[in-house]
Structure formats: structure tokens, C-alpha cells
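Dropping target-v3.cif in here (mmCIF, C-alpha atoms and all ligand atoms):
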data_final
loop_
_atom_site.label_atom_id
_atom_site.label_comp_id
_atom_site.auth_asym_id
_atom_site.auth_seq_id
_atom_site.Cartn_x
_atom_site.Cartn_y
_atom_site.Cartn_z
CA MET O 1 -6.87 0.12 22.57
CA MET O 2 -4.58 -0.91 19.77
CA MET O 3 -0.91 -0.96 20.73
CA GLU O 4 1.92 -1.64 18.33
CA GLU O 5 3.63 -3.65 21.03
CA GLY O 6 0.85 -6.20 20.71
CA TYR O 7 1.29 -6.69 16.99
CA LYS O 8 2.19 -10.10 15.72
CA ILE O 9 4.47 -8.81 12.93
CA LYS O 10 6.80 -6.29 14.54
CA GLU O 11 9.82 -6.58 12.27
CA ALA O 12 9.78 -5.87 8.55
CA PRO O 13 8.74 -9.05 6.74
CA VAL O 14 10.06 -10.14 3.36
CA CYS O 15 7.66 -10.02 0.40
CA PRO O 16 6.99 -13.60 -0.78
CA HIS O 17 6.65 -12.37 -4.37
CA CYS O 18 10.00 -10.58 -4.75
CA LYS O 19 11.95 -11.29 -1.53
CA GLN O 20 12.36 -7.58 -0.82
CA VAL O 21 12.03 -6.30 2.72
CA MET O 22 8.66 -4.60 3.17
CA GLU O 23 8.17 -1.09 4.57
CA LYS O 24 5.70 0.52 6.91
CA MET O 25 2.83 2.51 5.47
CA ASP O 26 0.94 4.82 7.81
CA SER O 27 -2.62 3.50 8.05
CA ARG O 28 -3.98 5.46 10.98
CA HIS O 29 -6.50 7.18 8.73
CA LEU O 30 -7.62 3.91 7.15
CA ASP O 31 -10.07 1.30 8.35
CA TRP O 32 -7.63 -1.49 9.09
CA GLY O 33 -7.60 -0.88 12.83
CA THR O 34 -3.80 -0.72 12.84
CA THR O 35 -1.40 2.22 12.95
CA PHE O 36 0.50 0.95 9.93
CA LEU O 37 0.61 -1.77 7.29
CA TRP O 38 3.60 -3.64 5.92
CA VAL O 39 3.74 -2.90 2.20
CA CYS O 40 6.06 -4.10 -0.58
CA TYR O 41 7.21 -0.96 -2.39
CA ASN O 42 9.38 -2.81 -4.90
CA ASN O 43 8.42 -1.66 -8.39
CA ASP O 44 9.87 -4.90 -9.75
CA CYS O 45 7.69 -7.05 -7.49
CA THR O 46 6.11 -9.82 -9.56
CA LEU O 47 2.68 -9.23 -8.00
CA PHE O 48 2.93 -5.50 -8.69
CA LYS O 49 4.03 -6.02 -12.29
CA LYS O 50 1.39 -8.66 -12.99
CA GLY O 51 -1.18 -6.29 -11.55
CA TRP O 52 -0.65 -3.73 -14.28
CA LYS O 53 -1.51 -6.21 -17.01
CA HIS O 54 -4.34 -7.79 -15.06
CA MET O 55 -5.99 -4.46 -14.27
CA MET O 56 -5.47 -3.13 -17.79
CA ASP O 57 -7.01 -6.30 -19.22
CA THR O 58 -9.95 -6.39 -16.81
CA MET O 59 -10.51 -2.72 -15.95
CA GLY O 60 -8.79 -0.89 -18.81
CA GLN O 61 -7.05 1.28 -16.25
CA LEU O 62 -3.41 1.88 -15.48
CA VAL O 63 -3.59 0.79 -11.87
CA SER O 64 -2.09 -2.10 -9.97
CA TYR O 65 -1.74 -3.35 -6.43
CA ARG O 66 0.99 -4.02 -3.94
CA PHE O 67 1.38 -6.90 -1.54
CA MET O 68 0.69 -6.03 2.08
CA ILE O 69 0.56 -7.63 5.50
CA THR O 70 -1.43 -6.37 8.45
CA PRO O 71 0.93 -6.25 11.45
CA ASP O 72 -1.59 -7.08 14.16
CA ASN O 73 -2.47 -10.58 12.99
CA GLY O 74 -0.20 -11.24 10.03
CA SER O 75 -2.99 -11.59 7.47
CA THR O 76 -2.03 -10.80 3.88
CA GLY O 77 -3.72 -8.83 1.13
CA VAL O 78 -3.19 -6.14 -1.46
CA ILE O 79 -3.63 -2.37 -1.58
CA PRO O 80 -4.31 -0.37 -4.75
CA ALA O 81 -1.46 1.44 -6.45
CA PHE O 82 -1.58 3.98 -9.23
CA SER O 83 0.92 4.71 -11.98
CA LEU O 84 4.64 4.48 -11.38
CA GLU O 85 4.98 8.14 -12.23
CA TYR O 86 2.47 9.01 -9.55
CA VAL O 87 4.12 6.89 -6.91
CA GLN O 88 7.58 8.19 -7.74
CA SER O 89 6.47 11.81 -7.73
CA GLN O 90 4.63 11.42 -4.44
CA GLY O 91 7.29 9.31 -2.76
CA SER O 92 6.79 5.94 -1.13
CA SER O 93 6.68 7.01 2.50
CA ARG O 94 3.34 8.77 2.20
CA ASN O 95 0.47 7.42 0.18
CA ARG O 96 -1.75 10.42 -0.36
CA TYR O 97 -3.95 8.53 -2.79
CA MET O 98 -5.24 6.51 0.15
CA GLN O 99 -6.74 9.67 1.63
CA SER O 100 -9.40 9.91 -1.05
CA ASP O 101 -12.08 10.37 1.61
CA ASP O 102 -10.54 13.71 2.53
CA PRO O 103 -13.34 16.29 1.99
CA ASP O 104 -10.78 18.97 1.15
CA GLU O 105 -9.35 17.00 -1.74
CA GLY O 106 -9.80 18.46 -5.17
CA GLY O 107 -10.59 21.91 -3.90
CA ASP O 108 -9.26 24.54 -6.24
CA GLU O 109 -9.44 27.44 -3.82
CA ASP O 110 -6.40 29.60 -3.90
ZN ZN H 201 7.06 -7.72 -3.50
#

Output the file's structure as C-alpha cells, nothing else.
Amino acid sequence: MMMEEGYKIKEAPVCPHCKQVMEKMDSRHLDWGTTFLWVCYNNDCTLFKKGWKHMMDTMGQLVSYRFMITPDNGSTGVIPAFSLEYVQSQGSSRNRYMQSDDPDEGGDED
């Protein structure tokens, strides 16, 4: 059983790319095996800003990624991020785009 008390990174870490304090992102519906991830939500983060150009150059898409740390063992990585407008309109505390495996998504029933 995974308990937050057993996590290695319990207090908000500082992003090494922009020095901003990272925030929790609910990851209970993801495959990380943790209840949350530490994510840098700074839109001025150097990794985030470089990501736009990198992804546009390589993928031709307006997507980027944000720095993240898994709290249970402290390993680092990135998660995908979509346009600034999308993030700002959806808010940073809930990342609905990560729930793309939701079978109800895209339904136009009304
Ligand atoms: Zn950052």
C-alpha cells in the first residue's frame, strides 16, 4: 500500500530550472503509483519555454512539457503540457488533459 508518509519528497521542492517552488498535481488516476507528483507550474520556467520551441521544431505542435519530481523516490522527469491558453483556462490545480483515457471524454451528448 502506498502511503504519502513514506514518500521521500514530502515538502515542495524547488525547480532546478527556474528556482520556483513546485506544486502538487493529483496523479491518483495516472500510472505513477503515487497519489501526486511535484510539478513546476511556472510559465516562465526555462525548461517549459524551451519545450515550446523544441516541440514545434521537432513535432510541429504547440505543446511543451513541465519539470516534475515523483515524491516517492525523488526521481525527476517531465510531463506534457498544452498551450498556455489551455492551461490558464483550465487552471493549474487540475490537469484534465491528463485524463485522456477517460471513456466519457469527447462525448457530445446533451
Ligand atoms: Zn521550473

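Taking only C-alpha atoms into account, O:Val21 lies nearest to O:Cys40 out of the set O:Cys45, O:Ala81, O:Met55, O:Cys40.
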
**Among the residues O:Asp72, O:Trp32, O:His54, O:Ser27, the one that comes closest to O:Gly6 [using all atoms listed in the file]** =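 Selected residue with least distance to O:Gly6: O:Asp72.
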
Which residues are near O:Lys50? Cut-off 10 Å, all atoms listed in the file, ignore same chain within fewer than 6 positions. Put them as a short mmCIF file (atom, residue, chain, number, x, y, z; two decimals) with C-alpha atoms, keeping the file's coordinate frame.
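Result went into result.cif, see below:
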data_model
loop_
_atom_site.label_atom_id
_atom_site.label_comp_id
_atom_site.auth_asym_id
_atom_site.auth_seq_id
_atom_site.Cartn_x
_atom_site.Cartn_y
_atom_site.Cartn_z
CA ASP O 44 9.87 -4.90 -9.75
CA SER O 64 -2.09 -2.10 -9.97
CA TYR O 65 -1.74 -3.35 -6.43
#

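Of the residues listed (O:Trp38, O:Pro80, O:Gly74, O:His29), O:Trp38 shows the shortest atom-to-atom separation from O:Ala12; distances use all atoms listed in the file.
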
**Asked** Hey, which residues come within 12 Å of ligand ZN 201 (chain H) if we count only C-alpha atoms and all ligand atoms? Could you give them as a VMD selection string?
**Response** chain O and resid 13 to 23 38 to 51 65 to 69 77 to 78

**Message:** Please report the interatomic distance between atom CA of O:Thr58 and atom CA of O:Thr76 in Å with one decimal.
**Reply:** 22.6 Å

Axis-aligned box over every listed atom of stretch 35-46 of chain O, padded by 6 Å per side: centre and edges in Å to one decimal, as lines of an AutoDock Vina configuration file?
center_x = 4.2
center_y = -3.8
center_z = 1.6
size_x = 23.3
size_y = 24.0
size_z = 34.7

**Message:** What does the structure give for the distance between atom CA of O:Thr34 and atom CA of O:Ile9, in Å to one decimal?
**Reply:**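 Interatomic distance, atom CA of O:Thr34 to atom CA of O:Ile9: 11.6 Å.
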
**Asked** In Å to one decimal, how far is atom CA of O:Glu4 from atom CA of O:Leu37?
**Response**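 Atom CA of O:Leu37 sits 11.1 Å away from atom CA of O:Glu4.
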
Is it possible to add N, CA and C atoms to stretch 35-63 of chain O and hand it back as a PDB file, keeping the file's coordinate frame?
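Wrote it out as result26.pdb, contents follow:
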ATOM      1  N   THR O  35      -2.053   0.922  13.171  1.00  0.00           N
ATOM      2  CA  THR O  35      -1.400   2.220  12.950  1.00  0.00           C
ATOM      3  C   THR O  35      -0.591   2.229  11.669  1.00  0.00           C
ATOM      4  N   PHE O  36      -0.239   1.022  11.188  1.00  0.00           N
ATOM      5  CA  PHE O  36       0.500   0.950   9.930  1.00  0.00           C
ATOM      6  C   PHE O  36       0.251  -0.403   9.281  1.00  0.00           C
ATOM      7  N   LEU O  37       0.640  -0.510   8.015  1.00  0.00           N
ATOM      8  CA  LEU O  37       0.610  -1.770   7.290  1.00  0.00           C
ATOM      9  C   LEU O  37       2.005  -2.034   6.742  1.00  0.00           C
ATOM     10  N   TRP O  38       2.357  -3.289   6.610  1.00  0.00           N
ATOM     11  CA  TRP O  38       3.600  -3.640   5.920  1.00  0.00           C
ATOM     12  C   TRP O  38       3.284  -3.719   4.441  1.00  0.00           C
ATOM     13  N   VAL O  39       4.019  -2.951   3.632  1.00  0.00           N
ATOM     14  CA  VAL O  39       3.740  -2.900   2.200  1.00  0.00           C
ATOM     15  C   VAL O  39       5.033  -3.147   1.417  1.00  0.00           C
ATOM     16  N   CYS O  40       4.923  -3.901   0.323  1.00  0.00           N
ATOM     17  CA  CYS O  40       6.060  -4.100  -0.580  1.00  0.00           C
ATOM     18  C   CYS O  40       6.072  -2.950  -1.573  1.00  0.00           C
ATOM     19  N   TYR O  41       7.112  -2.116  -1.498  1.00  0.00           N
ATOM     20  CA  TYR O  41       7.210  -0.960  -2.390  1.00  0.00           C
ATOM     21  C   TYR O  41       8.106  -1.230  -3.599  1.00  0.00           C
ATOM     22  N   ASN O  42       8.493  -2.472  -3.783  1.00  0.00           N
ATOM     23  CA  ASN O  42       9.380  -2.810  -4.900  1.00  0.00           C
ATOM     24  C   ASN O  42       8.625  -2.712  -6.228  1.00  0.00           C
ATOM     25  N   ASN O  43       9.083  -1.824  -7.089  1.00  0.00           N
ATOM     26  CA  ASN O  43       8.420  -1.660  -8.390  1.00  0.00           C
ATOM     27  C   ASN O  43       8.707  -2.814  -9.332  1.00  0.00           C
ATOM     28  N   ASP O  44       9.599  -3.704  -8.956  1.00  0.00           N
ATOM     29  CA  ASP O  44       9.870  -4.900  -9.750  1.00  0.00           C
ATOM     30  C   ASP O  44       9.220  -6.138  -9.150  1.00  0.00           C
ATOM     31  N   CYS O  45       8.394  -5.933  -8.127  1.00  0.00           N
ATOM     32  CA  CYS O  45       7.690  -7.050  -7.490  1.00  0.00           C
ATOM     33  C   CYS O  45       6.817  -7.758  -8.534  1.00  0.00           C
ATOM     34  N   THR O  46       6.867  -9.076  -8.546  1.00  0.00           N
ATOM     35  CA  THR O  46       6.110  -9.820  -9.560  1.00  0.00           C
ATOM     36  C   THR O  46       4.608  -9.577  -9.424  1.00  0.00           C
ATOM     37  N   LEU O  47       4.105  -9.480  -8.191  1.00  0.00           N
ATOM     38  CA  LEU O  47       2.680  -9.230  -8.000  1.00  0.00           C
ATOM     39  C   LEU O  47       2.302  -7.853  -8.532  1.00  0.00           C
ATOM     40  N   PHE O  48       3.164  -6.869  -8.239  1.00  0.00           N
ATOM     41  CA  PHE O  48       2.930  -5.500  -8.690  1.00  0.00           C
ATOM     42  C   PHE O  48       2.945  -5.430 -10.222  1.00  0.00           C
ATOM     43  N   LYS O  49       3.911  -6.077 -10.840  1.00  0.00           N
ATOM     44  CA  LYS O  49       4.030  -6.020 -12.290  1.00  0.00           C
ATOM     45  C   LYS O  49       2.902  -6.779 -12.992  1.00  0.00           C
ATOM     46  N   LYS O  50       2.526  -7.928 -12.418  1.00  0.00           N
ATOM     47  CA  LYS O  50       1.390  -8.660 -12.990  1.00  0.00           C
ATOM     48  C   LYS O  50       0.111  -7.855 -12.870  1.00  0.00           C
ATOM     49  N   GLY O  51       0.023  -7.074 -11.796  1.00  0.00           N
ATOM     50  CA  GLY O  51      -1.180  -6.290 -11.550  1.00  0.00           C
ATOM     51  C   GLY O  51      -1.485  -5.308 -12.649  1.00  0.00           C
ATOM     52  N   TRP O  52      -0.431  -4.695 -13.208  1.00  0.00           N
ATOM     53  CA  TRP O  52      -0.650  -3.730 -14.280  1.00  0.00           C
ATOM     54  C   TRP O  52      -1.398  -4.377 -15.443  1.00  0.00           C
ATOM     55  N   LYS O  53      -0.902  -5.538 -15.873  1.00  0.00           N
ATOM     56  CA  LYS O  53      -1.510  -6.210 -17.010  1.00  0.00           C
ATOM     57  C   LYS O  53      -2.913  -6.691 -16.675  1.00  0.00           C
ATOM     58  N   HIS O  54      -3.042  -7.274 -15.475  1.00  0.00           N
ATOM     59  CA  HIS O  54      -4.340  -7.790 -15.060  1.00  0.00           C
ATOM     60  C   HIS O  54      -5.389  -6.684 -15.016  1.00  0.00           C
ATOM     61  N   MET O  55      -5.032  -5.555 -14.419  1.00  0.00           N
ATOM     62  CA  MET O  55      -5.990  -4.460 -14.270  1.00  0.00           C
ATOM     63  C   MET O  55      -6.266  -3.789 -15.616  1.00  0.00           C
ATOM     64  N   MET O  56      -5.237  -3.714 -16.483  1.00  0.00           N
ATOM     65  CA  MET O  56      -5.470  -3.130 -17.790  1.00  0.00           C
ATOM     66  C   MET O  56      -6.386  -4.036 -18.613  1.00  0.00           C
ATOM     67  N   ASP O  57      -6.193  -5.348 -18.484  1.00  0.00           N
ATOM     68  CA  ASP O  57      -7.010  -6.300 -19.220  1.00  0.00           C
ATOM     69  C   ASP O  57      -8.451  -6.323 -18.720  1.00  0.00           C
ATOM     70  N   THR O  58      -8.625  -6.237 -17.389  1.00  0.00           N
ATOM     71  CA  THR O  58      -9.950  -6.390 -16.810  1.00  0.00           C
ATOM     72  C   THR O  58     -10.669  -5.058 -16.602  1.00  0.00           C
ATOM     73  N   MET O  59      -9.901  -3.999 -16.283  1.00  0.00           N
ATOM     74  CA  MET O  59     -10.510  -2.720 -15.950  1.00  0.00           C
ATOM     75  C   MET O  59     -10.217  -1.656 -17.002  1.00  0.00           C
ATOM     76  N   GLY O  60      -9.188  -1.894 -17.835  1.00  0.00           N
ATOM     77  CA  GLY O  60      -8.790  -0.890 -18.810  1.00  0.00           C
ATOM     78  C   GLY O  60      -8.187   0.328 -18.155  1.00  0.00           C
ATOM     79  N   GLN O  61      -7.623   0.136 -16.968  1.00  0.00           N
ATOM     80  CA  GLN O  61      -7.050   1.280 -16.250  1.00  0.00           C
ATOM     81  C   GLN O  61      -5.623   0.980 -15.850  1.00  0.00           C
ATOM     82  N   LEU O  62      -4.808   2.034 -15.840  1.00  0.00           N
ATOM     83  CA  LEU O  62      -3.410   1.880 -15.480  1.00  0.00           C
ATOM     84  C   LEU O  62      -3.259   1.953 -13.963  1.00  0.00           C
ATOM     85  N   VAL O  63      -3.733   0.903 -13.316  1.00  0.00           N
ATOM     86  CA  VAL O  63      -3.590   0.790 -11.870  1.00  0.00           C
ATOM     87  C   VAL O  63      -3.097  -0.622 -11.557  1.00  0.00           C
TER      88      VAL O  63
END
